[in-house]
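Here's the structure we're looking at; comments come further down.
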Amino acid sequence: MGLGTVFLSHYRRHPGQLAGLLLILVCAAMLWSGVRSLTAAAENAVAESRAALEPLLSVVHVDGRALEVEDFVRLRRAGLCVSPRLEVRFAGSEIPAVIGIDPFSADCLRQYSRQPEERAPVASQLLAGFDRPTLLGSATDLARWRQLSLPGGGDYQFEEFDGLPRGQLLTDISVAAELASAGRSRLEILLPAAEAERLPLPEGYRGQVEDYGVEPEPLVEAFLLSLDALGALALLVAALLVRSVYRFALEQRRRSLEILVRLGVRPVQLRLALVVEVLLVALVGGTLGLWLGERLASAMADGFQGTLQGLFSVDILARGAPSAETWLGMVLILALVVGWACADLLMLRREREGREPMVRWRWLGALLLVTVSLLVLLLTGRLWLIFLATLGCLIGAGLLLPELLNRLLARAERHCRQPLLEWSCSEMRALCRLLSLPLTALAFAIATAIGVQAMVTGFESTFARWLDQRLQGDLYLDPGRPLDSAEWSERLRGLPGVTTVLPMVRGRALLDGLQVDVLAIDPASPLLRDWPFLDAVPNHWVALPTRGVLINEQLARRQSLAVGDRIRFHFGGASVTPNRHSRAGGNPESPQPLDPRLRGGDETRISNGAQELHTREVIGIYADYGRPEGELMLPLAIVPDALPDRYATFVLGVEDIDKISWRDWRSEYPWLAGSRLRDQAGLKRGANTAFARTFQMTHMLNILTLALAGTALALMGLVIFRLRQGSYTLLYVYGVRRKSLRGRLIAHSMLVTGLLALLATPLGIFLGWVLVARVNPVAFGWALPLHLYPGFWLQVWLACLVIGAFVGALVGNPVRLETLKNE
Amino acid sequence: MNRPGRILLGTASNSGSGLCGRVRRAHRSGLVRVLNLLVRTAHPASAIYIAALLIVLVLTGCGRDAERESSFRALRDPPQGFRQAVPGMTISLPEDLGPHPQYRLEWWYLTANLRSADDKKFGVQWTLFRNGLRPGPYEEKEPGWRRNELWLAHAALSRPEDHRFASRSARGGTGQAGVTAQSFEAWIDNWQLDSRPRGVWKLSVAAEDFSYRLQIQPSPIPVLHGEHGFSAKSASGGGSMYFSFPLQAIDGEVVIDGERFTVRGQGWFDREWSSQYLMADQQGWDWMALHLEDGRHLMLFRVRGAEDFYSGTLVATDGSARSLGADEFSLQPVEYRDSRLGEVPVVWRLKVPSAELDLEIRSWPGDYWNPGALRYWEGPVAVSGSHTGEGYLEMTGYGG
């Protein structure tokens with residue numbers, strides 16, 4: 001009989017052990033790889049948007065003439081790093097537009113010169129096919145182009161290229177120029193905003209903000225890091241469980257291994273066989289888990305993509321099949337986990353003598369770990385360090401918890417008068433010792449559940465309250481197109497039952513080179529009276545029209561702004577070449593870098609033609625949950641008509657929402673066609689759905705981890721209780737009734753899990769605090785108050801009791817007389 | 001002058017190894033396609049393929065052996081629709097200062113040895129290359145986006161132990177880069193060499209970490225190399241049209257990391273065009289232009305192949321030039337330097353018995369490699385021996 005067969009025979013005798021082991025590994029691999037698959041895809045998407053997004057100016061003639069090749073040459077010869085873009089659109093919306101760029105000057109634009117790993121920049125791609133007209137685009141767009149081939153369309157080479165917007169083909173500008181006669185063409189000359197700061201534009205040109213270049217990556221990265229952390233936690237839980245399985249198997253395995261040694265098998269051979277076993281188990285678990293993880297990721301992809309789009313405007317999310325490296329990585333991680341789990345067995349070590357000093361050291365180590373981690377957690381502002389410190393706290397607490405439980409029970413044991421109770425206590429202590437690892441895993445799962453729930457529910461209730469205060473109007477109108485807000489306000493006032501109309505104009509501005517959103521309102525509107533503020537000067541609504549600006553919490557945190565600080569900003573529609581000021585007005589202030597924090601004075605405007613630089617005082621900071629962008633709230637009167645991305649929505653106050661037929665307005669008034677009208681309740685529902693989706697992932701992972709830990713504990717408990725059958729049977733022999741013993745067993749099991757849940761609750765609260773007070777401000781820019789939810793704790797405790805009861809019930813009858821055979 | 005590979009020497013100044021790797025992956029198929037085409041057929045379009053390949057290599061500046069080798073192959077290819085320089089052709093000025101779209105490759109090449117008021121030494125190189133993708137002359141008169149030709153420029157500023165490099169590229173047809181012969185002007189973006197208004201050339205270049213502005217007085221008489229301007233590159237034929245102007249830098253300013261230096265000195269300007277340069281067995285060349293204290297100038301080169309090919313021109317103080325055949329001088333490397341890209345000969349022994357010259361030509365200390373697909377050494381030298389002087393040394397085909 002070969003060594004392999006001997007090794008296999010162990011699992012043939014204990015198929016449950018193998019099944020449990022594989023189940024744990026598969027679950028862990030599934031969670032980890034599923035999360036990684038999503039976050040990796042999102043990281044790529046972020047990298048791509050980062051490459052594509054930088055603040056860009058489009059250079060135009062001051063007199064509005066169309067641009068020509070000569071203008072490009074003139075700007076280049078003036079030393080400006082400009083690059084042309086020729087857009088050709090064809091009649092018929094289904095024909096993709098052709099965007100021609102100049103690969104020689106594309107180095108100036110990050111969008112075309114930089115790409116994430118594993119892909120050639122667009123510019124090089126175009127140069128590679130420079131000799132022959134090449135069109136780059138998505139497979140769909142290329143197919144459509146081929147189908148609808150234009151007359152005189154020429155002989156093109158097609159290359160698939162991911163990451164281009166839908167309905168666009170990219171090509172060399174000479175190819176686009178050849179196609180220009182077949183459609184409408186428009187030449188743009190693009191310039192990075194930073195370049196315009198360096199050199200003035202020649203006379204007769206001005207820069208218009210083309211793209212503000214949102215830089216969402218720190219926020220998305222934070223979000224993805226949070227998910228990764230949850231995935232890692234699942235892996236950690238799995239590692240503990242797997243180790244516990246091996247620890248348990250240790251005794252059984254050691255005996256057979258020692259027999260093999262006595263039979264002349266060399267220890268090296270044994271170790272080798274064990275290593276092979278570890279690798280095999282990891283291979284099977286990893287492969288299965290990876291496959292399941294992919295299924296999990298596809299199931300979650302839509303929601304995840306929705307979240308990313310909603311929160312961070314990251315929309316390209318291409319996921320491929322897992323690569324060989326991912327698979328190998330997964331197997332290696334699992335091999336490590338399993339390897340650690342059976343390290344003792346691998347070394348063929350005996351259980352160490354003198355457990356007491358060891359335990360004391362473990363206590364001390366754990367306490368030290370918790371202290372250091374707590375200190376780091378309180379002092380650091382880096383997200384990964386926050387996660388690492390939290391992990392440190394968790395591990396420290398995990399080491400302490402079963403021991404703490406053990407000590408509690410020991411104390412109870414000493415105080416017990418009844419012998420049976422005393423026995424129960426010692427029996428539970430034995431359980432704590434034997435099941436310490438799965439219990440730690442369960443404690444982690446419980447803590448995570450409580451922590452994440454505190455964060456999510458806290459957010460939901462804070463958000464709901466905030467929404468209640470902020471949504472003072474009865475009806476909300478989205479016109480569905482950009483329009484003249486003043487004219488529409490008049491029309492809306494004429495609608496039956498409408499008492500107040502508040503136009504809310506959104507747009508964008510630049511604050512110290514940073515793109516921010518603008519929300520322009522009428523400060524006199526009664527619909528704003530109850531708006532909540534985190535901090536504000538008295539009478540802020542009165543101060544707003546003349547000298548003040550209100551900012552959201554995100555902006556305040558990011559720029560370290562407080563009420564009373566002064567900020568300088570300009571709306572993007574105007575030129576943003578600071579040199580224009582110095583040349584035209586000789587203003588000494590403007591060419592200097594803008595410091596967002598200048599104190600003192602009323603609002604100042606440095607004006608030159610279309611350009612206006614505003615300086616205003618921060619008079620209030622408001623909470624603005626659910627999105628990372630900074631926002632300025634300004635009076636409508638100072639916002640120019642040419643505000644970039646200007647878009648107006650309207651809030652309507654009505655006499656009695658139930659008495660007017662607002663739902664029919666769109667059919668009754670043709671000018672309202674195409675708009676969207678929602679009442680307050682509908683809007684709240686929409687907002688809540690958006691957030692539910694955001695936290696769906698977290699919830700799901702959370703529940704899965706808890707289920708994993710519960711199942712593993714049940715499996716382990718089943719085996720462990722069988723080990724303890726001897727002592728129960730002994731009591732039966734001494735005269736305790738079978739039924740009572742069975743009840744006791746269930747009670748022991750429930751008490752252990754229940755007590756553990758109780759002890760893990762503070763850990764959960766701590767985790768909740770980390771999430772709302774440490775992770776959120778770094779990740780999203782806003783903090784949340786920490787709320788406690790004893791109702792949910794009760795549910796978790798109950799769940800733990802049920803797990804305990806379930807394990808106890810599964811064991812069934814603990815009295816087996818044959819266990820006494822050897823006594 | 002004989003620097004046939006120069007057109008290949010461009011780089012994108014910002015190319016890093018990561019970028020190179022990616023580009024390589026992306027273009028491997030293109031490369032294979034080009035090579036297959038060259039082997040299988042004499043397709044008329046293959047010149048365009050070669051040119052396209054060149055662009056990629058040139059712009060991405062990835063120096064892999066295979067790519068470098070194929071770049072050389074491309075250089076050695078027949079003209080394919082372009083005109084070829086042959087003996088008997090002559091030079092006419094000022095027309096030949098302008099571009100020659102019927103030829104595939106040409107360049108305007110300036111080097112200068114400069115000194116500041118406090119005797120600090122500087123070396124300056126500025127080169128404009130034109131690479132024809134399709135044989136001209138081009139029909140279109142209006143500026144527009146085309147794929148007929150492309151322009152590249154290299155700028156370098158050298159000091160002892162310091163060498164800085166920048167490059168630019170542009171398509172032809174727009175006017176972003178070009179050369180005019182009447183009232184000579186050569187430019188790409190805001191880098192330019194301009195002879196207006198009074199025949200004094202003004203060179204102006206600004207890169208990220210250096211810039212220079214020079215006022216240059218070219219010698220009144222051009223130096224025609226070889227046979228009335230046809231300069232052979234090998235014993236078996238093949239060559240280019242080639243003439244030069246010795247230069248006096250009468251006034252100038254060099255800015256390096258924000259520090260300004262007023263400079264003066266002397267230099268050398270090359271003008272060369274052809275469509276096929278190297279023979280199959282030729283691997284690289286060593287070229288130098290020297291200015292001696294007695295007012296004479298020397299241009300010499302060696303093309304290394306199965307049999308090395310030597311040629312040179314000696315310019316007398318009165319500006320008259322005399323071609324030097326291989327039997328009239330000896331040029332030997334005597335010392336090597338272990339540079340960043342391998343061993344290169346940095347000290348040379350030159351003997352021209354008929355002119356009583358026995359010179360040692362020694363490169364400044366440092367590393368003067370210009371990066372690129374065909375990286376090349378372009379650095380200032382000091383001359384000692386029977387005469388003292390200064391000049392520039394260019395070497396290609398060395399290093400791994």
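Ordering of the structure tokens sets the chain letters (A, B, ...); residue numbers start at 1 within each chain; ligands are numbered from 1 in the order shown.
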**OP:** Name the residues in contact with Thr753 in chain A at a cut-off of 7 Å, using only C-alpha atoms, excluding same-chain residues fewer than 6 positions from it; report them as an MDAnalysis selection string.
**Re:** chainID A and resid 800:801 804
Original post:
Quick one: which residues from chain A are at most 8 Å off chain B, using only C-alpha atoms, as a list in words?
Top reply: Val69, Glu70, Phe72, Val73, Arg74, Arg76, Arg77, Ala78, Gly79, Phe104, Ser105, Glu117, Glu118, Arg119, Ala120, Pro121, Ser124, Gln125, Leu127, Ala128, Gly129, Phe130, Asp131, Ile173, Ser174 and Ala177 of chain A
Since we have the selection now, will you write its residues out, keeping C-alpha atoms, as a PDB file, in the first residue's frame?
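Generated output (result27.pdb):
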```
ATOM      1  CA  VAL A  69      -4.936  73.860 -39.631  1.00  0.00           C
ATOM      2  CA  GLU A  70      -3.053  77.181 -39.591  1.00  0.00           C
ATOM      3  CA  PHE A  72      -2.891  74.701 -34.839  1.00  0.00           C
ATOM      4  CA  VAL A  73       0.434  75.544 -36.456  1.00  0.00           C
ATOM      5  CA  ARG A  74       0.365  79.072 -35.073  1.00  0.00           C
ATOM      6  CA  ARG A  76       2.467  75.104 -31.848  1.00  0.00           C
ATOM      7  CA  ARG A  77       4.939  77.626 -33.171  1.00  0.00           C
ATOM      8  CA  ALA A  78       4.148  79.829 -30.206  1.00  0.00           C
ATOM      9  CA  GLY A  79       5.486  76.964 -28.099  1.00  0.00           C
ATOM     10  CA  PHE A 104       2.663  63.261 -33.147  1.00  0.00           C
ATOM     11  CA  SER A 105       1.346  65.948 -30.839  1.00  0.00           C
ATOM     12  CA  GLU A 117      -0.670  48.568 -18.245  1.00  0.00           C
ATOM     13  CA  GLU A 118      -0.829  45.962 -20.965  1.00  0.00           C
ATOM     14  CA  ARG A 119      -2.067  48.361 -23.610  1.00  0.00           C
ATOM     15  CA  ALA A 120      -0.330  50.563 -26.085  1.00  0.00           C
ATOM     16  CA  PRO A 121      -1.308  54.205 -25.897  1.00  0.00           C
ATOM     17  CA  SER A 124       1.343  54.531 -30.719  1.00  0.00           C
ATOM     18  CA  GLN A 125      -1.458  52.346 -31.957  1.00  0.00           C
ATOM     19  CA  LEU A 127       1.396  55.355 -35.528  1.00  0.00           C
ATOM     20  CA  ALA A 128       1.722  51.622 -36.034  1.00  0.00           C
ATOM     21  CA  GLY A 129      -0.855  51.825 -38.793  1.00  0.00           C
ATOM     22  CA  PHE A 130       0.167  55.238 -40.020  1.00  0.00           C
ATOM     23  CA  ASP A 131       0.798  54.048 -43.547  1.00  0.00           C
ATOM     24  CA  ILE A 173      -6.480  63.106 -38.190  1.00  0.00           C
ATOM     25  CA  SER A 174      -5.547  62.776 -41.874  1.00  0.00           C
ATOM     26  CA  ALA A 177      -9.903  64.880 -42.797  1.00  0.00           C
TER      27      ALA A 177
END
```
Subject >> Spatial neighbours of Ser424 in chain A, 9 Å, only C-alpha atoms, chain gap at least 5 places, as a PyMOL selection string >> reply: chain A and resi 413+419+429+744-745+748
Could those residues be written to a file, using C-alpha atoms, as a CSV table (one decimal), in the first residue's frame?
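Produced file out.csv, reproduced below:
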```csv
chain,number,residue,atom,x,y,z
A,413,GLU,CA,-17.2,27.1,37.9
A,419,PRO,CA,-21.8,19.5,41.0
A,429,ARG,CA,-14.4,25.5,29.2
A,744,ARG,CA,-27.5,20.2,28.9
A,745,LEU,CA,-25.6,19.6,25.8
A,748,HIS,CA,-23.8,24.2,26.7
```
Original post:
Which neighbours of Leu652 in chain A fall inside 12 Å, counting only C-alpha atoms, when residues of the same chain fewer than 3 positions from it are skipped, and could you give them as a ChimeraX atom specification?
Top reply: /A:471-478,488-504,525-528,649,655-657,662,677-680
**OP:** Can you pull out every residue within 12 Å of Arg411 in chain A, counting only C-alpha atoms, but drop anything in the same chain fewer than 6 positions away, and send it as a list in words?
**Re:** Leu404, Leu405, Glu422, Cys425, Ser426 and Arg429 of chain A
How would the residues just picked look written out with N, CA and C atoms as an mmCIF file, in the first residue's frame?
```cif
data_model
loop_
_atom_site.group_PDB
_atom_site.id
_atom_site.type_symbol
_atom_site.label_atom_id
_atom_site.label_comp_id
_atom_site.auth_asym_id
_atom_site.auth_seq_id
_atom_site.Cartn_x
_atom_site.Cartn_y
_atom_site.Cartn_z
ATOM 1 N N LEU A 404 -10.917 34.761 27.304
ATOM 2 C CA LEU A 404 -11.751 35.535 28.209
ATOM 3 C C LEU A 404 -12.976 34.712 28.607
ATOM 4 N N LEU A 405 -13.565 34.098 27.602
ATOM 5 C CA LEU A 405 -14.737 33.246 27.825
ATOM 6 C C LEU A 405 -14.377 32.115 28.780
ATOM 7 N N GLU A 422 -21.255 22.687 38.024
ATOM 8 C CA GLU A 422 -19.804 22.799 37.968
ATOM 9 C C GLU A 422 -19.269 22.025 36.768
ATOM 10 N N CYS A 425 -19.942 23.872 33.645
ATOM 11 C CA CYS A 425 -18.974 24.944 33.415
ATOM 12 C C CYS A 425 -17.666 24.401 32.859
ATOM 13 N N SER A 426 -17.179 23.319 33.463
ATOM 14 C CA SER A 426 -15.899 22.797 32.992
ATOM 15 C C SER A 426 -16.053 22.221 31.586
ATOM 16 N N ARG A 429 -15.838 25.037 29.277
ATOM 17 C CA ARG A 429 -14.445 25.493 29.163
ATOM 18 C C ARG A 429 -13.689 24.616 28.173
#
```
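Note that CA of Leu22 in chain A and CA of Trp327 in chain A are 16.5 Å apart.
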